[in-house]
file work.tsv (TSV, C-alpha atoms)
chain	number	residue	atom	x	y	z
A	1	MET	CA	-13.40	-4.27	-45.79
A	2	LYS	CA	-15.66	-5.02	-42.79
A	3	GLN	CA	-14.57	-8.68	-42.95
A	4	TYR	CA	-10.88	-7.72	-42.71
A	5	THR	CA	-11.61	-5.34	-39.83
A	6	LEU	CA	-13.48	-8.07	-37.95
A	7	LEU	CA	-10.68	-10.59	-38.61
A	8	PHE	CA	-8.05	-8.12	-37.38
A	9	SER	CA	-10.05	-7.46	-34.20
A	10	LEU	CA	-10.38	-11.17	-33.48
A	11	LEU	CA	-6.66	-11.76	-34.03
A	12	LEU	CA	-5.77	-8.82	-31.82
A	13	SER	CA	-8.04	-10.12	-29.08
A	14	TYR	CA	-6.57	-13.61	-29.41
A	15	PHE	CA	-2.96	-12.51	-29.13
A	16	SER	CA	-3.82	-10.16	-26.27
A	17	ILE	CA	-5.35	-13.02	-24.28
A	18	PHE	CA	-2.60	-15.43	-25.27
A	19	GLY	CA	0.09	-13.10	-24.00
A	20	GLN	CA	-1.48	-12.41	-20.60
A	21	ASN	CA	0.12	-13.67	-17.43
A	22	ALA	CA	-2.00	-16.19	-15.55
A	23	THR	CA	-3.16	-15.26	-12.05
A	24	GLU	CA	-5.03	-17.20	-9.43
A	25	LYS	CA	-8.80	-16.72	-9.13
A	26	ASP	CA	-10.20	-16.14	-5.66
A	27	ALA	CA	-12.90	-18.51	-4.43
A	28	PRO	CA	-16.54	-17.45	-3.93
A	29	LYS	CA	-17.84	-16.95	-0.39
A	30	ASN	CA	-19.24	-20.47	-0.10
A	31	ILE	CA	-15.87	-22.15	-0.69
A	32	LYS	CA	-13.48	-21.96	2.26
A	33	SER	CA	-10.37	-23.48	3.85
A	34	ILE	CA	-8.57	-24.31	0.60
A	35	ILE	CA	-5.48	-26.39	1.33
A	36	PHE	CA	-3.21	-27.26	-1.60
A	37	LYS	CA	0.17	-28.75	-0.80
A	38	GLY	CA	2.87	-31.20	-1.75
A	39	THR	CA	4.66	-33.62	0.57
A	40	THR	CA	5.92	-30.92	2.96
A	41	GLU	CA	4.02	-29.30	5.79
A	42	ASP	CA	4.11	-25.90	4.08
A	43	GLN	CA	0.95	-25.15	2.14
A	44	PHE	CA	2.75	-24.42	-1.10
A	45	PRO	CA	2.18	-26.93	-3.90
A	46	VAL	CA	5.67	-27.72	-5.18
A	47	ALA	CA	6.53	-31.37	-5.75
A	48	GLN	CA	9.03	-33.53	-7.57
A	49	LEU	CA	7.71	-35.14	-10.75
A	50	GLY	CA	5.72	-38.21	-9.72
A	51	ASP	CA	5.19	-37.16	-6.08
A	52	PRO	CA	1.63	-36.48	-4.87
A	53	LEU	CA	-0.12	-33.14	-4.48
A	54	THR	CA	-3.32	-32.88	-2.44
A	55	LEU	CA	-6.17	-30.38	-2.64
A	56	GLU	CA	-8.82	-30.00	0.05
A	57	PHE	CA	-11.64	-27.45	0.38
A	58	ASP	CA	-15.07	-26.98	1.98
A	59	ASP	CA	-18.37	-25.87	0.48
A	60	ILE	CA	-20.45	-24.38	3.30
A	61	THR	CA	-23.69	-24.75	1.33
A	62	ALA	CA	-23.35	-28.45	2.22
A	63	SER	CA	-25.39	-29.33	-0.86
A	64	GLU	CA	-22.97	-31.93	-2.25
A	65	GLU	CA	-22.43	-29.92	-5.42
A	66	ASP	CA	-20.45	-31.46	-8.27
A	67	TYR	CA	-17.02	-29.93	-8.84
A	68	TYR	CA	-14.64	-30.63	-11.72
A	69	TYR	CA	-10.91	-30.04	-12.13
A	70	LYS	CA	-8.76	-29.00	-15.08
A	71	ILE	CA	-4.99	-28.62	-15.36
A	72	THR	CA	-3.17	-26.15	-17.64
A	73	TYR	CA	0.53	-25.77	-18.33
A	74	TYR	CA	2.34	-22.40	-18.44
A	75	ASN	CA	5.70	-20.91	-19.35
A	76	TYR	CA	8.24	-19.62	-16.86
A	77	ASP	CA	6.59	-16.16	-16.84
A	78	TRP	CA	3.06	-17.62	-16.51
A	79	THR	CA	2.11	-16.90	-20.09
A	80	PRO	CA	0.24	-19.75	-21.83
A	81	SER	CA	2.44	-22.54	-23.15
A	82	SER	CA	2.33	-23.83	-26.71
A	83	LEU	CA	2.27	-27.43	-25.43
A	84	SER	CA	-0.87	-29.41	-26.16
A	85	LYS	CA	-2.57	-31.14	-23.24
A	86	SER	CA	-1.36	-34.55	-24.43
A	87	GLN	CA	2.24	-33.31	-24.19
A	88	TYR	CA	2.05	-32.53	-20.47
A	89	LEU	CA	-0.73	-34.87	-19.25
A	90	SER	CA	-1.15	-38.64	-19.34
A	91	GLY	CA	-4.83	-39.51	-19.11
A	92	PHE	CA	-7.73	-37.07	-18.79
A	93	ASP	CA	-8.73	-34.08	-16.73
A	94	ASN	CA	-12.05	-32.18	-16.66
A	95	LEU	CA	-13.31	-34.93	-14.37
A	96	ARG	CA	-15.58	-34.74	-11.34
A	97	ILE	CA	-14.07	-34.77	-7.84
A	98	THR	CA	-15.58	-37.93	-6.39
A	99	ASN	CA	-13.94	-37.92	-2.96
A	100	TYR	CA	-16.15	-35.80	-0.71
A	101	GLU	CA	-17.98	-36.17	2.61
A	102	ASN	CA	-20.27	-33.98	4.67
A	103	SER	CA	-19.25	-32.51	8.02
A	104	TYR	CA	-20.06	-34.48	11.14
A	105	ASN	CA	-21.76	-33.02	14.23
A	106	THR	CA	-20.93	-29.36	13.44
A	107	LEU	CA	-23.03	-26.22	13.88
A	108	GLN	CA	-22.06	-25.03	10.40
A	109	ALA	CA	-22.73	-27.81	7.91
A	110	TYR	CA	-20.32	-28.17	4.99
A	111	SER	CA	-19.13	-30.62	2.35
A	112	ASN	CA	-15.41	-31.43	2.39
A	113	TYR	CA	-13.79	-32.24	-0.99
A	114	ARG	CA	-10.42	-33.90	-1.57
A	115	LEU	CA	-8.35	-34.45	-4.71
A	116	GLN	CA	-4.94	-36.02	-5.26
A	117	ILE	CA	-2.66	-35.50	-8.26
A	118	PRO	CA	-1.50	-37.80	-9.83
A	119	ASN	CA	-4.42	-40.21	-9.56
A	120	ASN	CA	-5.89	-43.17	-11.47
A	121	ASN	CA	-7.13	-40.86	-14.23
A	122	LEU	CA	-4.09	-38.67	-14.89
A	123	SER	CA	-0.42	-38.06	-14.26
A	124	LEU	CA	1.95	-35.26	-15.26
A	125	LYS	CA	4.62	-35.75	-17.90
A	126	VAL	CA	6.90	-32.71	-17.59
A	127	SER	CA	8.17	-30.35	-14.93
A	128	GLY	CA	7.28	-26.66	-14.90
A	129	ASN	CA	4.43	-24.30	-14.03
A	130	TYR	CA	0.86	-25.57	-13.80
A	131	MET	CA	-2.55	-24.17	-12.87
A	132	LEU	CA	-5.25	-26.26	-11.21
A	133	GLU	CA	-8.76	-24.94	-11.93
A	134	ILE	CA	-11.95	-25.98	-10.15
A	135	TYR	CA	-15.28	-25.61	-11.96
A	136	ASN	CA	-18.88	-26.10	-10.85
A	137	ASN	CA	-21.60	-28.07	-12.64
A	138	TYR	CA	-22.30	-25.10	-14.94
A	139	ASN	CA	-18.68	-24.95	-16.12
A	140	GLU	CA	-18.12	-21.74	-14.14
A	141	LEU	CA	-14.60	-21.29	-12.76
A	142	GLN	CA	-14.78	-21.28	-8.95
A	143	PHE	CA	-11.12	-20.87	-8.06
A	144	SER	CA	-7.65	-21.69	-9.33
A	145	ARG	CA	-4.25	-22.36	-7.76
A	146	ARG	CA	-0.74	-22.44	-9.21
A	147	PHE	CA	1.58	-25.36	-8.58
A	148	VAL	CA	5.11	-26.26	-9.60
A	149	ILE	CA	6.54	-29.64	-10.61
A	150	TYR	CA	10.33	-30.07	-10.66
A	151	LYS	CA	13.07	-32.52	-11.50
A	152	ASP	CA	15.98	-32.78	-9.09
A	153	ALA	CA	18.63	-32.25	-11.80
A	154	VAL	CA	20.76	-29.52	-10.18
A	155	SER	CA	21.53	-28.58	-6.59
A	156	VAL	CA	20.47	-25.12	-5.40
A	157	GLY	CA	22.13	-23.45	-2.44
A	158	VAL	CA	20.35	-20.48	-0.84
A	159	SER	CA	21.83	-18.13	1.76
A	160	ILE	CA	20.24	-15.06	3.32
A	161	LYS	CA	22.40	-11.99	3.98
A	162	ARG	CA	21.80	-8.57	5.40
A	163	THR	CA	21.39	-6.15	2.51
A	164	ARG	CA	24.30	-4.00	1.36
A	165	ASP	CA	21.89	-1.24	0.40
A	166	PHE	CA	22.65	1.21	3.21
A	167	GLU	CA	19.31	3.01	2.77
A	168	PHE	CA	17.51	-0.15	3.92
A	169	LEU	CA	20.21	-1.73	6.04
A	170	ASN	CA	17.84	-2.53	8.92
A	171	GLN	CA	14.82	-3.37	6.77
A	172	LYS	CA	15.83	-5.65	3.90
A	173	GLN	CA	17.20	-9.15	3.38
A	174	ALA	CA	19.32	-10.24	0.41
A	175	VAL	CA	19.00	-13.69	-1.16
A	176	GLN	CA	22.14	-15.21	-2.66
A	177	ILE	CA	22.03	-18.32	-4.84
A	178	ALA	CA	24.57	-20.93	-5.93
A	179	ILE	CA	23.43	-23.44	-8.58
A	180	ASN	CA	25.65	-26.47	-9.08
A	181	ALA	CA	24.84	-28.15	-12.40
A	182	GLY	CA	26.77	-31.34	-11.62
A	183	ASN	CA	26.22	-33.75	-14.52
A	184	PHE	CA	23.50	-31.59	-16.06
A	185	GLN	CA	24.69	-30.08	-19.35
A	186	LEU	CA	24.45	-26.28	-19.53
A	187	ILE	CA	25.75	-24.74	-22.76
A	188	ASN	CA	24.62	-21.12	-22.49
A	189	PRO	CA	23.37	-20.65	-18.90
A	190	LYS	CA	22.76	-16.89	-19.17
A	191	ASN	CA	20.09	-17.56	-21.79
A	192	GLU	CA	19.00	-21.09	-20.83
A	193	VAL	CA	18.56	-20.66	-17.06
A	194	LYS	CA	16.06	-18.41	-15.28
A	195	VAL	CA	15.35	-18.21	-11.56
A	196	THR	CA	12.36	-17.12	-9.50
A	197	ILE	CA	12.64	-16.20	-5.80
A	198	LEU	CA	9.55	-16.19	-3.57
A	199	GLN	CA	9.27	-14.87	-0.02
A	200	ASN	CA	7.08	-17.04	2.20
A	201	TYR	CA	5.58	-18.78	-0.86
A	202	TYR	CA	3.72	-15.62	-1.89
A	203	TRP	CA	3.61	-15.31	-5.68
A	204	PRO	CA	3.18	-11.51	-5.87
A	205	SER	CA	6.52	-11.21	-4.01
A	206	ALA	CA	8.39	-13.00	-6.82
A	207	ILE	CA	11.68	-11.63	-8.12
A	208	THR	CA	12.48	-12.94	-11.61
A	209	ASN	CA	14.74	-12.42	-14.62
A	210	LEU	CA	17.99	-12.59	-12.64
A	211	LYS	CA	20.96	-13.80	-14.67
A	212	PRO	CA	24.00	-15.49	-13.09
A	213	GLN	CA	26.71	-12.96	-12.25
A	214	TYR	CA	29.52	-15.48	-12.23
A	215	THR	CA	30.13	-18.91	-13.73
A	216	ILE	CA	32.79	-20.96	-12.03
A	217	GLY	CA	33.10	-24.37	-13.64
A	218	LYS	CA	29.62	-25.88	-13.35
A	219	GLU	CA	28.49	-23.45	-10.67
A	220	LEU	CA	26.28	-20.41	-11.32
A	221	LEU	CA	26.49	-17.66	-8.69
A	222	TYR	CA	23.93	-14.93	-7.95
A	223	LYS	CA	25.31	-12.44	-5.40
A	224	TYR	CA	23.41	-9.27	-6.17
A	225	ASP	CA	23.58	-6.28	-3.81
A	226	LYS	CA	20.10	-4.91	-4.54
A	227	GLU	CA	18.32	-6.89	-7.26
A	228	SER	CA	17.51	-9.88	-5.01
A	229	ASN	CA	16.53	-7.89	-1.91
A	230	PHE	CA	13.25	-8.27	-0.04
A	231	PHE	CA	11.76	-6.16	2.73
A	232	GLY	CA	11.93	-8.24	5.90
A	233	GLY	CA	8.49	-7.31	7.22
A	234	ASN	CA	7.65	-8.53	10.71
A	235	GLU	CA	6.66	-11.84	12.26
A	236	PHE	CA	3.03	-12.75	11.58
A	237	LEU	CA	0.49	-12.47	14.36
A	238	ASN	CA	-1.29	-15.68	15.34
A	239	PHE	CA	-4.18	-17.27	17.24
A	240	THR	CA	-5.66	-20.72	17.71
A	241	THR	CA	-9.28	-21.87	17.94
A	242	LYS	CA	-8.63	-25.62	18.20
A	243	ASP	CA	-10.31	-25.58	21.63
A	244	LEU	CA	-13.66	-23.91	20.97
A	245	ARG	CA	-14.26	-22.70	24.53
A	246	ALA	CA	-10.76	-21.60	25.52
A	247	THR	CA	-9.41	-18.07	25.70
A	248	SER	CA	-5.70	-17.39	25.16
A	249	THR	CA	-3.10	-14.64	24.93
A	250	ALA	CA	-4.73	-13.66	21.62
A	251	ILE	CA	-8.42	-14.43	22.29
A	252	ALA	CA	-10.09	-12.29	24.97
A	253	ARG	CA	-13.48	-14.02	25.17
A	254	VAL	CA	-15.67	-16.66	23.53
A	255	GLN	CA	-19.40	-16.28	22.97
A	256	MET	CA	-21.88	-18.84	21.69
A	257	LYS	CA	-24.50	-17.61	19.21
A	258	GLU	CA	-25.53	-19.43	16.00
A	259	LEU	CA	-21.81	-20.26	15.81
A	260	TYR	CA	-18.98	-19.84	18.28
A	261	ASN	CA	-17.56	-16.31	18.28
A	262	HIS	CA	-13.93	-15.65	19.24
A	263	TYR	CA	-13.17	-12.05	20.15
A	264	MET	CA	-9.52	-11.11	19.81
A	265	TYR	CA	-7.61	-8.68	21.97
A	266	ALA	CA	-6.89	-5.45	20.11
A	267	ASP	CA	-3.67	-5.62	18.12
A	268	ILE	CA	-1.17	-2.76	17.97
A	269	LEU	CA	0.72	-0.97	15.22
A	270	ARG	CA	4.20	-2.48	15.42
A	271	ALA	CA	6.03	-0.40	12.81
A	272	ASN	CA	7.66	1.85	15.42
A	273	GLU	CA	7.98	-0.79	18.13
A	274	PRO	CA	11.22	-2.74	18.81
A	275	TYR	CA	11.49	-6.03	16.93
A	276	THR	CA	10.46	-9.07	18.96
A	277	TYR	CA	10.97	-12.61	17.73
A	278	TYR	CA	8.31	-15.22	18.24
A	279	PRO	CA	7.79	-18.31	16.09
A	280	ASP	CA	5.29	-18.14	13.24
A	281	ILE	CA	4.46	-20.22	10.17
A	282	ASN	CA	4.97	-17.34	7.75
A	283	GLY	CA	1.33	-16.54	7.02
A	284	ASP	CA	0.08	-20.13	6.82
A	285	PHE	CA	-2.73	-21.90	8.70
A	286	VAL	CA	-3.35	-25.43	9.97
A	287	VAL	CA	-6.84	-26.91	10.44
A	288	THR	CA	-7.03	-28.72	13.77
A	289	THR	CA	-9.59	-29.42	16.51
A	290	GLN	CA	-9.79	-30.92	19.98
A	291	GLN	CA	-13.48	-31.77	19.52
A	292	GLY	CA	-12.96	-34.71	17.13
A	293	GLU	CA	-10.50	-37.03	15.42
A	294	ASP	CA	-11.06	-36.03	11.77
A	295	ALA	CA	-10.19	-32.33	11.57
A	296	SER	CA	-11.34	-32.10	7.94
A	297	ARG	CA	-14.93	-33.07	8.78
A	298	GLU	CA	-15.35	-32.43	12.53
A	299	SER	CA	-13.84	-28.95	12.85
A	300	GLU	CA	-16.31	-26.16	13.53
A	301	TYR	CA	-16.47	-22.86	11.68
A	302	THR	CA	-16.29	-19.92	14.07
A	303	ASN	CA	-16.57	-16.15	13.70
A	304	VAL	CA	-13.24	-14.59	14.60
A	305	HIS	CA	-13.42	-10.88	15.51
A	306	PHE	CA	-10.34	-8.74	14.79
A	307	LYS	CA	-9.67	-5.30	16.27
A	308	LEU	CA	-7.04	-2.67	15.49
A	309	PRO	CA	-6.79	0.91	16.82
A	310	TYR	CA	-7.28	3.66	14.27
A	311	THR	CA	-4.33	6.08	13.97
A	312	ASP	CA	-3.04	8.78	11.62
A	313	VAL	CA	-0.74	6.16	10.03
A	314	ILE	CA	-3.85	4.52	8.58
A	315	GLY	CA	-5.46	7.77	7.49
A	316	LEU	CA	-7.96	7.25	4.68
A	317	ASN	CA	-6.38	3.98	3.56
A	318	ASP	CA	-8.33	0.72	3.73
A	319	VAL	CA	-7.09	-1.99	6.11
A	320	TYR	CA	-7.38	-5.74	5.48
A	321	VAL	CA	-6.65	-8.85	7.51
A	322	PHE	CA	-4.08	-10.69	5.40
A	323	GLY	CA	-3.10	-14.37	5.39
A	324	LYS	CA	-3.04	-17.72	3.64
A	325	PHE	CA	-6.51	-18.50	5.05
A	326	ASN	CA	-8.01	-16.89	1.92
A	327	ASN	CA	-4.90	-17.00	-0.27
A	328	TYR	CA	-4.01	-13.40	0.67
A	329	ALA	CA	-7.04	-12.05	-1.18
A	330	ILE	CA	-8.19	-8.46	-0.68
A	331	THR	CA	-11.96	-8.74	-0.40
A	332	ASP	CA	-14.88	-7.16	1.45
A	333	GLU	CA	-14.95	-10.15	3.78
A	334	ASN	CA	-11.56	-9.33	5.34
A	335	LYS	CA	-11.83	-5.53	5.10
A	336	MET	CA	-11.97	-3.65	8.41
A	337	THR	CA	-14.49	-0.91	9.17
A	338	TYR	CA	-14.31	1.89	11.71
A	339	ASN	CA	-16.49	1.54	14.80
A	340	GLU	CA	-17.32	5.02	16.12
A	341	ASP	CA	-18.39	3.65	19.50
A	342	THR	CA	-15.06	1.96	20.23
A	343	GLY	CA	-12.61	3.94	18.09
A	344	TYR	CA	-11.29	0.71	16.59
A	345	LEU	CA	-11.18	-0.79	13.12
A	346	GLU	CA	-13.04	-4.08	13.31
A	347	THR	CA	-14.08	-7.05	11.20
A	348	SER	CA	-15.35	-10.58	11.65
A	349	ILE	CA	-14.21	-13.53	9.48
A	350	MET	CA	-15.67	-17.03	9.52
A	351	LEU	CA	-12.76	-19.47	9.81
A	352	LYS	CA	-12.43	-23.19	10.37
A	353	GLN	CA	-10.97	-24.31	13.68
A	354	GLY	CA	-7.18	-24.27	13.68
A	355	PHE	CA	-3.97	-22.31	14.11
A	356	TYR	CA	-3.77	-19.15	11.99
A	357	ASN	CA	-1.14	-16.58	11.02
A	358	TYR	CA	-2.23	-13.12	9.87
A	359	LYS	CA	-1.15	-9.51	9.58
A	360	TYR	CA	-2.69	-6.19	8.56
A	361	VAL	CA	-2.05	-4.49	5.20
A	362	LEU	CA	-3.01	-1.08	3.87
A	363	LYS	CA	-4.60	-0.45	0.48
A	364	THR	CA	-4.34	3.11	-0.85
A	365	ASP	CA	-6.83	4.92	-3.07
A	366	LYS	CA	-4.48	4.05	-5.96
A	367	ASP	CA	-4.90	0.32	-5.21
A	368	GLU	CA	-1.32	0.10	-3.93
A	369	LEU	CA	-0.79	-2.49	-1.18
A	370	LYS	CA	1.48	-1.45	1.67
A	371	TYR	CA	2.33	-4.76	3.28
A	372	ASN	CA	4.42	-3.53	6.19
A	373	ALA	CA	3.12	-0.05	7.04
A	374	ILE	CA	1.37	-1.41	10.15
A	375	GLY	CA	3.68	-4.29	11.09
A	376	GLY	CA	7.01	-2.66	10.23
A	377	ASN	CA	10.17	-3.88	8.47
A	378	PHE	CA	13.08	-5.58	10.23
A	379	HIS	CA	16.06	-7.38	8.79
A	380	PHE	CA	15.93	-9.81	11.75
A	381	THR	CA	12.50	-11.19	10.71
A	382	GLU	CA	12.35	-14.92	10.08
A	383	ASN	CA	11.24	-15.50	6.49
A	384	ASN	CA	11.36	-18.49	4.19
A	385	TYR	CA	12.69	-18.12	0.64
A	386	LEU	CA	12.03	-20.54	-2.20
A	387	VAL	CA	14.17	-20.53	-5.36
A	388	LEU	CA	12.86	-22.15	-8.55
A	389	VAL	CA	15.36	-22.85	-11.34
A	390	TYR	CA	13.88	-22.97	-14.86
A	391	TYR	CA	15.67	-24.30	-17.94
A	392	ARG	CA	14.87	-24.07	-21.65
A	393	ASN	CA	17.44	-25.29	-24.15
A	394	PHE	CA	17.53	-23.89	-27.66
A	395	GLY	CA	14.65	-25.43	-29.63
A	396	ASP	CA	12.68	-26.60	-26.56
A	397	GLN	CA	8.96	-25.84	-26.36
A	398	TYR	CA	8.65	-25.40	-22.61
A	399	ASP	CA	10.43	-24.21	-19.46
A	400	SER	CA	11.27	-27.14	-17.24
A	401	VAL	CA	12.08	-26.76	-13.55
A	402	ILE	CA	15.39	-28.51	-12.92
A	403	GLY	CA	15.88	-27.69	-9.26
A	404	VAL	CA	14.51	-25.95	-6.18
A	405	GLY	CA	16.25	-24.48	-3.18
A	406	ASN	CA	15.13	-23.23	0.24
A	407	GLY	CA	16.68	-20.68	2.56
A	408	ASN	CA	15.59	-19.14	5.85
A	409	SER	CA	16.60	-15.83	7.39
A	410	ARG	CA	16.57	-17.21	10.94
A	411	ASN	CA	20.36	-17.34	10.83
A	412	ILE	CA	20.88	-14.24	8.68
A	413	THR	CA	24.50	-13.13	8.35
A	414	ASN	CA	26.31	-10.02	7.27
call {"tool": "encode", "arguments": {"input": "work.tsv", "output": "structure tokens"}}
result
Amino acid sequence: MKQYTLLFSLLLSYFSIFGQNATEKDAPKNIKSIIFKGTTEDQFPVAQLGDPLTLEFDDITASEEDYYYKITYYNYDWTPSSLSKSQYLSGFDNLRITNYENSYNTLQAYSNYRLQIPNNNLSLKVSGNYMLEIYNNYNELQFSRRFVIYKDAVSVGVSIKRTRDFEFLNQKQAVQIAINAGNFQLINPKNEVKVTILQNYYWPSAITNLKPQYTIGKELLYKYDKESNFFGGNEFLNFTTKDLRATSTAIARVQMKELYNHYMYADILRANEPYTYYPDINGDFVVTTQQGEDASRESEYTNVHFKLPYTDVIGLNDVYVFGKFNNYAITDENKMTYNEDTGYLETSIMLKQGFYNYKYVLKTDKDELKYNAIGGNFHFTENNYLVLVYYRNFGDQYDSVIGVGNGNSRNITN
């Protein structure tokens, strides 16, 4: 009887793990400035099958540690796929990253690692959802990042409209999609085709499980009033540290200690302020320096000091500095603390020289993230929307990505 009980427990544990949705693992404190991208400038790793993806990161221990990479394939909903590794990979993974160099002439020493996929050791066979995992020499997972490979089999039109939900008329944006199958054979599109919509390449924002409302010939139309709506948010705040000694409209003063320290002007709560447009890069960051030619190895790390006034809107909620610089993680490093002497919430984050977007988010005692309580919501806000089109025919073992589409709310219409 004990044997059956043990077997049942093991099976239950197995199926529980097998059915879990994959999420990205945050990097430890010594690994910083993770850049993972395809052929576009946006730091979101989506690429056509056969095109290159590049990963770059720094280890500030500067000890030339060995790091290894593994690649895993997932279903549309980020549950583990039944495909074996040989069905989605040509060659081998679990190999050491051999392309790395130490920083040059910097106050903070670091080792800079680079990896390209595909490479001489492996290539990808199928389109769909993948996870890249980086391990240390003790086979301990350091961090992971999702990426998407697609085939350009269908065309995807994306348009951004003002919502028809009158309760949020001035706060939300509606994404409408038109998929033209062309020569691609779709027999039962309501069951075969699934779409995912992301705002500003942020996976937790994803809207999924939308079915086409209309089928006109070979065109699938998604014109939902509410189901494909997103809160507009506000434009991201920004600063640049590419010139180590320069102040700016965002940086009040620079001080040299063990590292350079950049002290920001105090930000304001913008939720009740009029909307103002100014260009941003939708939460992203770009490493750049004026002190050298190779930004990857010659950029300094500096301590950037953020400051936000405390108000009743914040209350007892925690406040975090939020951006792509740490993959939008909510950690102690980017958590603000109240300074009784100044009356401000403050924090300091060590960041590599460059141009950065950021905003402030609230976290309640119920672990709920309120993304726009401080910045506000406006339907005018410029946001980028990515649409991924997944396809699985009857009898197939995996969800392929047959097309991607991009839309921007800069020219939002009614």
call {"tool": "residues_near_point", "arguments": {"input": "work.tsv", "point": "(1.9, -23.8, -6.0)", "cutoff": "9 Å", "atoms": "all atoms listed in the file", "output": "list in words"}}
result
Phe36, Lys37, Gly38, Gln43, Phe44, Pro45, Val46, Ala47, Asn129, Tyr130, Met131, Arg145, Arg146, Phe147, Val148, Ile149, Tyr201 and Trp203 of chain A
call {"tool": "residues_around", "arguments": {"input": "work.tsv", "residues": "Ser90 (chain A)", "least_positions_apart": "4", "cutoff": "8 Å", "atoms": "only C-alpha atoms", "output": "PyMOL selection string"}}
result
chain A and resi 86+122-125
call {"tool": "closest_residue", "arguments": {"input": "work.tsv", "among": "A:Gly182, A:Gly343, A:Pro189, A:Pro274", "to": "Tyr310 (chain A)", "atoms": "all atoms listed in the file"}}
result
A:Gly343
call {"tool": "residues_around", "arguments": {"input": "work.tsv", "residues": "Val361 (chain A)", "least_positions_apart": "6", "cutoff": "9 Å", "atoms": "all atoms listed in the file", "output": "VMD selection string"}}
result
chain A and resid 318 to 322 369 to 375
call {"tool": "closest_residue", "arguments": {"input": "work.tsv", "among": "A:Phe184, A:Phe355, A:Phe378, A:Tyr301", "to": "Asn105 (chain A)", "atoms": "all atoms listed in the file"}}
result
A:Tyr301
